[in-house]
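K.L.:
My structure file my_file-v7.cif, mmCIF, C-alpha atoms, is below:
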```
data_target
#
loop_
_atom_site.label_atom_id
_atom_site.label_comp_id
_atom_site.auth_asym_id
_atom_site.auth_seq_id
_atom_site.Cartn_x
_atom_site.Cartn_y
_atom_site.Cartn_z
CA MET A 1 -2.84 -0.29 -37.49
CA SER A 2 0.41 0.54 -35.67
CA SER A 3 2.39 -0.45 -38.75
CA ARG A 4 0.28 1.88 -40.92
CA LEU A 5 0.68 4.73 -38.46
CA GLY A 6 4.41 4.14 -38.31
CA ARG A 7 4.65 4.22 -42.11
CA SER A 8 2.64 7.45 -42.23
CA ALA A 9 4.85 9.00 -39.57
CA VAL A 10 7.95 8.13 -41.60
CA LEU A 11 6.45 9.70 -44.72
CA VAL A 12 5.54 12.87 -42.86
CA ALA A 13 9.06 13.07 -41.40
CA ILE A 14 10.57 12.69 -44.87
CA GLY A 15 8.25 15.42 -46.15
CA VAL A 16 9.21 17.78 -43.33
CA VAL A 17 12.91 17.39 -44.06
CA ALA A 18 12.44 17.69 -47.83
CA GLY A 19 10.20 20.75 -47.50
CA VAL A 20 12.50 22.62 -45.14
CA LEU A 21 15.54 21.85 -47.32
CA SER A 22 13.64 22.94 -50.42
CA GLY A 23 12.68 26.29 -48.98
CA LEU A 24 15.97 26.86 -47.17
CA PHE A 25 18.37 26.01 -49.99
CA GLY A 26 16.26 26.29 -53.15
CA VAL A 27 16.73 22.62 -54.02
CA GLY A 28 14.29 19.91 -55.05
CA GLY A 29 14.96 17.65 -52.09
CA GLY A 30 15.00 14.47 -54.14
CA VAL A 31 18.55 13.71 -53.07
CA VAL A 32 17.14 13.17 -49.57
CA VAL A 33 13.71 11.77 -50.49
CA VAL A 34 14.99 9.01 -52.80
CA PRO A 35 17.41 7.32 -50.37
CA ALA A 36 14.87 7.75 -47.55
CA LEU A 37 12.14 6.00 -49.55
CA MET A 38 14.57 3.23 -50.43
CA ALA A 39 15.77 2.80 -46.85
CA PHE A 40 12.48 3.03 -44.94
CA LEU A 41 9.87 1.90 -47.49
CA HIS A 42 12.15 -0.45 -49.46
CA LEU A 43 11.23 1.03 -52.83
CA ASP A 44 13.65 0.32 -55.68
CA GLN A 45 15.62 3.25 -57.15
CA ARG A 46 13.42 3.67 -60.21
CA ARG A 47 10.14 3.77 -58.26
CA ALA A 48 11.64 5.91 -55.48
CA SER A 49 12.89 8.44 -58.03
CA ALA A 50 9.52 8.63 -59.80
CA THR A 51 7.67 8.90 -56.48
CA SER A 52 10.02 11.62 -55.22
CA LEU A 53 9.16 13.69 -58.28
CA VAL A 54 5.51 13.71 -57.17
CA ALA A 55 6.68 15.06 -53.82
CA ILE A 56 9.04 17.62 -55.31
CA ALA A 57 6.42 19.23 -57.56
CA PRO A 58 4.15 20.76 -54.86
CA ALA A 59 7.11 21.75 -52.69
CA ALA A 60 8.77 23.54 -55.63
CA VAL A 61 5.52 25.29 -56.56
CA VAL A 62 4.83 26.52 -53.02
CA GLY A 63 8.48 27.46 -52.49
CA ALA A 64 8.60 29.42 -55.76
CA ILE A 65 5.39 31.24 -54.84
CA THR A 66 6.75 32.03 -51.38
CA TYR A 67 9.89 33.59 -52.82
CA GLY A 68 7.96 35.14 -55.70
CA VAL A 69 5.58 37.18 -53.51
CA GLN A 70 8.69 38.59 -51.84
CA GLY A 71 10.11 39.60 -55.24
CA GLU A 72 12.90 37.02 -54.97
CA VAL A 73 12.35 35.24 -58.32
CA HIS A 74 13.83 36.16 -61.72
CA TRP A 75 11.26 34.72 -64.13
CA LEU A 76 13.24 35.14 -67.35
CA ALA A 77 16.37 33.67 -65.78
CA ALA A 78 14.36 30.66 -64.58
CA LEU A 79 13.00 30.05 -68.08
CA THR A 80 16.49 30.27 -69.60
CA LEU A 81 17.88 27.86 -67.00
CA ALA A 82 15.05 25.42 -67.67
CA VAL A 83 15.81 25.42 -71.41
CA GLY A 84 19.48 24.62 -70.75
CA SER A 85 18.57 21.88 -68.29
CA VAL A 86 16.16 20.21 -70.73
CA VAL A 87 18.93 20.11 -73.34
CA GLY A 88 21.62 18.96 -70.90
CA ALA A 89 19.80 16.07 -69.22
CA PRO A 90 19.74 13.80 -72.31
CA LEU A 91 23.41 14.60 -72.94
CA GLY A 92 24.26 13.48 -69.42
CA ALA A 93 22.23 10.31 -69.92
CA ARG A 94 24.25 9.54 -73.07
CA LEU A 95 27.55 10.15 -71.29
CA LEU A 96 26.35 7.82 -68.54
CA ARG A 97 26.42 4.92 -70.99
CA ARG A 98 29.99 5.71 -72.05
CA LEU A 99 31.79 6.45 -68.79
CA PRO A 100 32.90 3.82 -66.25
CA LEU A 101 30.48 3.65 -63.33
CA ARG A 102 33.23 3.95 -60.74
CA VAL A 103 34.22 7.34 -62.20
CA LEU A 104 30.79 8.96 -62.07
CA PRO A 105 30.55 9.74 -58.33
CA TRP A 106 34.01 11.28 -58.36
CA ILE A 107 33.05 13.58 -61.22
CA PHE A 108 30.31 14.97 -59.01
CA VAL A 109 32.57 15.17 -55.95
CA GLY A 110 35.08 17.14 -58.03
CA PHE A 111 32.33 19.51 -59.09
CA ILE A 112 31.21 19.95 -55.46
CA ALA A 113 34.80 20.78 -54.48
CA VAL A 114 34.93 23.50 -57.15
CA VAL A 115 31.59 24.90 -55.98
CA LEU A 116 32.72 24.98 -52.35
CA VAL A 117 35.90 26.84 -53.24
CA SER A 118 33.98 29.36 -55.36
CA LEU A 119 31.40 29.90 -52.60
CA PHE A 120 34.04 30.74 -50.02
CA THR A 121 36.09 32.95 -52.34
CA SER A 122 33.11 35.20 -53.11
CA VAL A 123 31.23 37.47 -50.73
CA PRO A 124 27.60 36.36 -50.33
CA THR A 125 25.03 39.13 -50.73
CA ARG A 126 21.34 39.56 -50.05
CA GLY A 127 20.47 42.32 -52.49
CA GLY A 128 22.33 41.22 -55.64
CA ASP A 129 20.27 41.17 -58.85
CA VAL A 130 20.63 39.48 -62.24
CA HIS A 131 20.83 41.97 -65.12
CA PHE A 132 19.55 39.99 -68.07
CA GLY A 133 21.44 40.51 -71.33
CA VAL A 134 23.10 38.46 -74.06
CA VAL A 135 26.10 37.51 -71.91
CA GLU A 136 23.91 36.71 -68.92
CA ALA A 137 21.58 34.62 -71.08
CA LEU A 138 24.53 32.57 -72.34
CA VAL A 139 25.78 32.05 -68.78
CA LEU A 140 22.31 30.97 -67.67
CA LEU A 141 22.04 28.52 -70.57
CA ALA A 142 25.46 27.12 -69.62
CA LEU A 143 24.39 26.74 -65.98
CA GLY A 144 21.20 24.99 -67.01
CA LEU A 145 23.13 22.76 -69.39
CA LEU A 146 25.61 21.82 -66.65
CA SER A 147 22.74 21.12 -64.26
CA GLY A 148 21.09 18.86 -66.82
CA VAL A 149 24.29 16.99 -67.68
CA LEU A 150 25.09 16.32 -64.03
CA SER A 151 21.54 15.19 -63.39
CA GLY A 152 21.81 12.72 -66.25
CA LEU A 153 25.18 11.46 -65.02
CA VAL A 154 24.67 11.07 -61.27
CA GLY A 155 20.99 11.87 -60.68
CA VAL A 156 21.69 15.14 -58.88
CA GLY A 157 21.09 18.53 -60.44
CA GLY A 158 18.73 21.42 -59.96
CA GLY A 159 19.49 23.70 -57.07
CA VAL A 160 22.83 22.07 -56.26
CA VAL A 161 24.16 23.62 -59.49
CA ILE A 162 21.84 26.56 -60.09
CA VAL A 163 21.93 28.29 -56.69
CA PRO A 164 25.74 28.62 -56.38
CA GLY A 165 25.98 29.33 -60.12
CA LEU A 166 23.61 32.28 -59.87
CA GLU A 167 25.38 33.63 -56.81
CA VAL A 168 28.97 33.23 -58.00
CA ALA A 169 28.71 33.70 -61.78
CA LEU A 170 25.98 36.35 -61.96
CA GLY A 171 26.14 38.00 -58.55
CA ALA A 172 22.56 37.15 -57.57
CA GLY A 173 21.52 37.58 -53.96
CA ASP A 174 21.13 34.38 -52.01
CA LEU A 175 17.33 34.62 -51.77
CA LEU A 176 16.93 35.50 -55.45
CA ALA A 177 19.09 32.51 -56.40
CA LYS A 178 16.99 30.14 -54.28
CA GLY A 179 13.64 31.44 -55.51
CA THR A 180 14.73 31.33 -59.15
CA SER A 181 16.08 27.80 -58.69
CA LEU A 182 12.76 26.57 -57.30
CA LEU A 183 10.81 28.13 -60.17
CA THR A 184 13.17 26.43 -62.65
CA MET A 185 12.18 23.06 -61.22
CA VAL A 186 8.41 23.52 -61.49
CA PRO A 187 7.81 22.75 -65.21
CA THR A 188 10.24 19.83 -65.15
CA ALA A 189 8.73 18.37 -61.99
CA VAL A 190 5.17 18.68 -63.24
CA SER A 191 5.87 17.24 -66.70
CA GLY A 192 7.94 14.43 -65.22
CA THR A 193 5.19 13.57 -62.75
CA VAL A 194 2.61 13.38 -65.53
CA ALA A 195 4.88 11.11 -67.58
CA ASN A 196 5.56 8.81 -64.61
CA LEU A 197 1.86 8.58 -63.78
CA ARG A 198 1.18 7.46 -67.33
CA ARG A 199 3.86 4.79 -66.99
CA ARG A 200 2.39 3.77 -63.62
CA ALA A 201 5.86 4.05 -62.14
CA VAL A 202 4.70 6.02 -59.09
CA ASP A 203 3.48 5.13 -55.62
CA LEU A 204 0.96 7.96 -55.71
CA ARG A 205 -0.13 7.79 -52.06
CA VAL A 206 3.45 7.91 -50.81
CA GLY A 207 4.30 10.77 -53.15
CA LEU A 208 1.26 12.81 -52.13
CA VAL A 209 1.83 12.37 -48.39
CA VAL A 210 5.47 13.41 -48.70
CA GLY A 211 4.64 16.15 -51.21
CA VAL A 212 1.81 17.76 -49.25
CA THR A 213 3.94 17.73 -46.10
CA ALA A 214 6.89 19.18 -48.00
CA ALA A 215 4.69 21.88 -49.52
CA VAL A 216 3.44 22.88 -46.06
CA CYS A 217 6.99 23.04 -44.68
CA SER A 218 8.64 24.73 -47.68
CA PRO A 219 7.59 28.28 -46.64
CA GLY A 220 9.13 27.57 -43.24
CA GLY A 221 12.45 26.83 -44.90
CA ALA A 222 12.16 30.04 -46.94
CA TRP A 223 11.41 31.96 -43.74
CA ILE A 224 14.54 30.54 -42.11
CA ALA A 225 16.56 31.47 -45.22
CA ARG A 226 15.43 35.07 -44.88
CA LEU A 227 16.30 35.15 -41.18
CA VAL A 228 19.86 33.83 -41.44
CA ASP A 229 22.78 35.99 -42.50
CA PRO A 230 23.97 35.31 -46.09
CA GLN A 231 27.37 34.17 -44.76
CA VAL A 232 25.68 31.73 -42.39
CA GLY A 233 23.51 30.58 -45.28
CA THR A 234 26.66 29.87 -47.30
CA TRP A 235 28.05 27.68 -44.51
CA LEU A 236 24.77 25.80 -44.22
CA PHE A 237 24.58 25.27 -47.97
CA ALA A 238 28.19 24.09 -47.99
CA GLY A 239 27.32 21.50 -45.35
CA PHE A 240 24.35 20.40 -47.45
CA LEU A 241 26.60 20.01 -50.51
CA VAL A 242 28.99 17.82 -48.51
CA LEU A 243 26.04 15.66 -47.43
CA VAL A 244 24.92 15.33 -51.05
CA ALA A 245 28.44 14.34 -52.11
CA VAL A 246 28.55 11.64 -49.41
CA ILE A 247 25.18 10.26 -50.54
CA VAL A 248 26.35 10.13 -54.16
CA LEU A 249 29.59 8.36 -53.18
CA VAL A 250 27.75 5.78 -51.05
CA ARG A 251 25.30 5.05 -53.83
CA GLY A 252 28.18 4.75 -56.29
CA ARG A 253 30.08 2.30 -54.07
CA ARG A 254 26.98 0.15 -53.59
CA SER A 255 26.38 0.09 -57.32
CA ALA A 256 29.99 -0.83 -58.00
CA ALA A 257 29.83 -3.61 -55.40
CA ARG A 258 26.76 -5.13 -57.02
CA ARG A 259 28.45 -4.99 -60.39
CA SER A 260 31.83 -6.34 -59.30
CA GLY A 261 33.28 -8.62 -61.92
CA THR A 262 31.93 -6.57 -64.82
CA VAL A 263 33.69 -3.81 -66.76
CA ASP A 264 31.85 -0.66 -67.74
CA ALA A 265 28.53 -2.40 -67.37
CA ALA A 266 25.28 -0.76 -68.28
CA PRO A 267 23.96 1.48 -65.47
CA ASP A 268 21.74 -0.13 -62.90
CA VAL A 269 18.85 1.41 -61.07
CA ASP A 270 21.07 3.13 -58.53
CA THR A 271 23.09 5.19 -60.99
CA GLY A 272 20.81 6.46 -63.69
CA ALA A 273 18.00 4.16 -64.65
CA GLU A 274 15.49 6.88 -63.90
CA THR A 275 14.59 9.31 -66.66
CA ALA A 276 16.53 12.52 -67.20
CA THR A 277 13.41 14.46 -66.26
CA ASP A 278 13.21 12.67 -62.91
CA SER A 279 16.79 13.49 -61.97
CA ALA A 280 16.91 17.02 -63.33
CA VAL A 281 14.93 18.46 -60.42
CA ARG A 282 16.96 16.84 -57.65
#
```
Please re-express this file's structure in structure tokens.

P.N.:
Amino acid sequence: MSSRLGRSAVLVAIGVVAGVLSGLFGVGGGVVVVPALMAFLHLDQRRASATSLVAIAPAAVVGAITYGVQGEVHWLAALTLAVGSVVGAPLGARLLRRLPLRVLPWIFVGFIAVVLVSLFTSVPTRGGDVHFGVVEALVLLALGLLSGVLSGLVGVGGGVVIVPGLEVALGAGDLLAKGTSLLTMVPTAVSGTVANLRRRAVDLRVGLVVGVTAAVCSPGGAWIARLVDPQVGTWLFAGFLVLVAVIVLVRGRRSAARRSGTVDAAPDVDTGAETATDSAVR
């Protein structure tokens, strides 16, 4: 009984963290959920990734609704981003098979460095809007494509790319960027969950406990995002990006250690064995 209660407490704690991060930063939260499920519940990467998608779906839905009722979601921009991401994820998965594994984490770290520089060379706003036109549509498609490619390469995409992209490239306000990012993840998370359930690749109970908890806590993260100054929000998001980069590097080093003695081996479960749909919402 104590073991079961302890396991449930761990799942709730993971859900709390994932939900707050989802609402606060407009991200899926899978970059935290996956390593947590692997560390505390000893799930392998493939099953942890599929299970995290179950958790991400309700949190993204509730988070998108929370921002949406406040008018902080650009529906057409979200649809355009989703189209680009769907196209980009398979491209990233193909590149994954061609690039040396030791290079992949550093590609992402380089991208994070560029994002950090761009964030701190632009002035964050709260009221910025996205004026949708031909040029803006092309930029949104490019952002979605980049998000999909990175998700296929290193298993991290979604809000980590979309939120700063909307703010820096299109001048969106911080809340609008986060709400739009969460809405972008909804169709991918739902469709990916359905596919994983059909493959029986999901620990449904674990995913539901984490997901329901995350969904309950996601509005709290959105509330905090509205309270903090945009500049403070930028610093917090920058810290989150650094954390994500560290997680990606650690996973990459562990994968390389397990594959020592091989050259450009096929990716293992830590670096991309999950489907492109699974990783696109991270």

K.L.:
Of the candidates A:Asp44, A:Gly207, A:Ala82, A:Val244, which one gets nearest to Leu11 (chain A) if we count only C-alpha atoms?

P.N.:
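Answer, going by the shortest atom-to-atom distance: A:Gly207.
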
K.L.:
On this structure, which residues satisfy the PyMOL selection byres ((chain A and resi 68-78) around 9), written as a ChimeraX atom specification?

P.N.:
/A:63-67,79-83,129-130,132,136-137,140,173,175-185

K.L.:
Residues of the last selection are to be written out with C-alpha atoms, as a PDB file, in the coordinates of the input.

P.N.:
```pdb
ATOM      1  CA  GLY A  63       8.480  27.460 -52.490  1.00  0.00           C
ATOM      2  CA  ALA A  64       8.600  29.420 -55.760  1.00  0.00           C
ATOM      3  CA  ILE A  65       5.390  31.240 -54.840  1.00  0.00           C
ATOM      4  CA  THR A  66       6.750  32.030 -51.380  1.00  0.00           C
ATOM      5  CA  TYR A  67       9.890  33.590 -52.820  1.00  0.00           C
ATOM      6  CA  LEU A  79      13.000  30.050 -68.080  1.00  0.00           C
ATOM      7  CA  THR A  80      16.490  30.270 -69.600  1.00  0.00           C
ATOM      8  CA  LEU A  81      17.880  27.860 -67.000  1.00  0.00           C
ATOM      9  CA  ALA A  82      15.050  25.420 -67.670  1.00  0.00           C
ATOM     10  CA  VAL A  83      15.810  25.420 -71.410  1.00  0.00           C
ATOM     11  CA  ASP A 129      20.270  41.170 -58.850  1.00  0.00           C
ATOM     12  CA  VAL A 130      20.630  39.480 -62.240  1.00  0.00           C
ATOM     13  CA  PHE A 132      19.550  39.990 -68.070  1.00  0.00           C
ATOM     14  CA  GLU A 136      23.910  36.710 -68.920  1.00  0.00           C
ATOM     15  CA  ALA A 137      21.580  34.620 -71.080  1.00  0.00           C
ATOM     16  CA  LEU A 140      22.310  30.970 -67.670  1.00  0.00           C
ATOM     17  CA  GLY A 173      21.520  37.580 -53.960  1.00  0.00           C
ATOM     18  CA  LEU A 175      17.330  34.620 -51.770  1.00  0.00           C
ATOM     19  CA  LEU A 176      16.930  35.500 -55.450  1.00  0.00           C
ATOM     20  CA  ALA A 177      19.090  32.510 -56.400  1.00  0.00           C
ATOM     21  CA  LYS A 178      16.990  30.140 -54.280  1.00  0.00           C
ATOM     22  CA  GLY A 179      13.640  31.440 -55.510  1.00  0.00           C
ATOM     23  CA  THR A 180      14.730  31.330 -59.150  1.00  0.00           C
ATOM     24  CA  SER A 181      16.080  27.800 -58.690  1.00  0.00           C
ATOM     25  CA  LEU A 182      12.760  26.570 -57.300  1.00  0.00           C
ATOM     26  CA  LEU A 183      10.810  28.130 -60.170  1.00  0.00           C
ATOM     27  CA  THR A 184      13.170  26.430 -62.650  1.00  0.00           C
ATOM     28  CA  MET A 185      12.180  23.060 -61.220  1.00  0.00           C
TER      29      MET A 185
END
```

K.L.:
Please evaluate the PyMOL selection byres ((chain A and resi 230) around 9) against the displayed coordinates and give the resulting residues as a PyMOL selection string.

P.N.:
chain A and resi 123-126+173-175+225-226+228-229+231-235

K.L.:
Which residue is closest to Ser52 (chain A)? Choose from A:Ser3, A:Ser147, A:Ser122, A:Asn196 and count all atoms listed in the file.

P.N.:
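Residue with the minimum atom-to-atom distance to Ser52 (chain A): A:Asn196.
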
K.L.:
Using only C-alpha atoms, which residue out of A:Leu249, A:Ile162, A:Leu43, A:Ala55 lies closest to Arg205 (chain A)?

P.N.:
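Among A:Leu249, A:Ile162, A:Leu43, A:Ala55, it is A:Ala55 that comes nearest to Arg205 (chain A).
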
K.L.:
Just give me the gap between CA of Arg102 (chain A) and CA of Val242 (chain A) in Å, one decimal is fine.

P.N.:
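Between CA of Arg102 (chain A) and CA of Val242 (chain A) the gap works out to 19.0 Å.
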
K.L.:
As a ChimeraX atom specification, please: the residues near Pro58 (chain A) (cut-off 7 Å, all atoms listed in the file, same-chain neighbours under 3 positions excluded).

P.N.:
/A:55,61-62,211-212,215

K.L.:
For those residues, write C-alpha atoms to a file as a short mmCIF file (atom, residue, chain, number, x, y, z; two decimals), in the frame of the given file.

P.N.:
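Result saved to result.cif:
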```cif
data_model
loop_
_atom_site.label_atom_id
_atom_site.label_comp_id
_atom_site.auth_asym_id
_atom_site.auth_seq_id
_atom_site.Cartn_x
_atom_site.Cartn_y
_atom_site.Cartn_z
CA ALA A 55 6.68 15.06 -53.82
CA VAL A 61 5.52 25.29 -56.56
CA VAL A 62 4.83 26.52 -53.02
CA GLY A 211 4.64 16.15 -51.21
CA VAL A 212 1.81 17.76 -49.25
CA ALA A 215 4.69 21.88 -49.52
#
```

K.L.:
Give me, please, the distance in Å between CA of Gly165 (chain A) and CA of Pro35 (chain A), quoted to one decimal.

P.N.:
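Computed distance, CA of Gly165 (chain A) to CA of Pro35 (chain A), equals 25.6 Å.
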
K.L.:
Restricting the calculation to only C-alpha atoms, which member of A:Val134, A:Val27, A:Leu95, A:Val20 is positioned closest to Gly158 (chain A)?

P.N.:
A:Val27

K.L.:
What gap, in Å, lies between CA of Gly252 (chain A) and CA of Val33 (chain A)?

P.N.:
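Pair CA of Gly252 (chain A) / CA of Val33 (chain A) returns 17.1 Å.
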
K.L.:
List every protein, DNA or RNA residue with an atom no more than 8 Å from (9.0, 22.0, -48.8) in the file's coordinates, counting all atoms listed in the file, and format the result as a PyMOL selection string.

P.N.:
chain A and resi 15-23+56+58-60+62-63+211+213-221

K.L.:
Measuring atom to atom with only C-alpha atoms, identify which of A:Gly26, A:Gly127, A:Pro164, A:Gly148 is nearest to Val87 (chain A).

P.N.:
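Residue with the minimum atom-to-atom distance to Val87 (chain A): A:Gly148.
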
K.L.:
Specify as an MDAnalysis selection string each residue included when the PyMOL selection byres ((chain A and resi 90) around 9) is applied to this file.

P.N.:
chainID A and resid 86:89 91:95 148:149 152 275:277
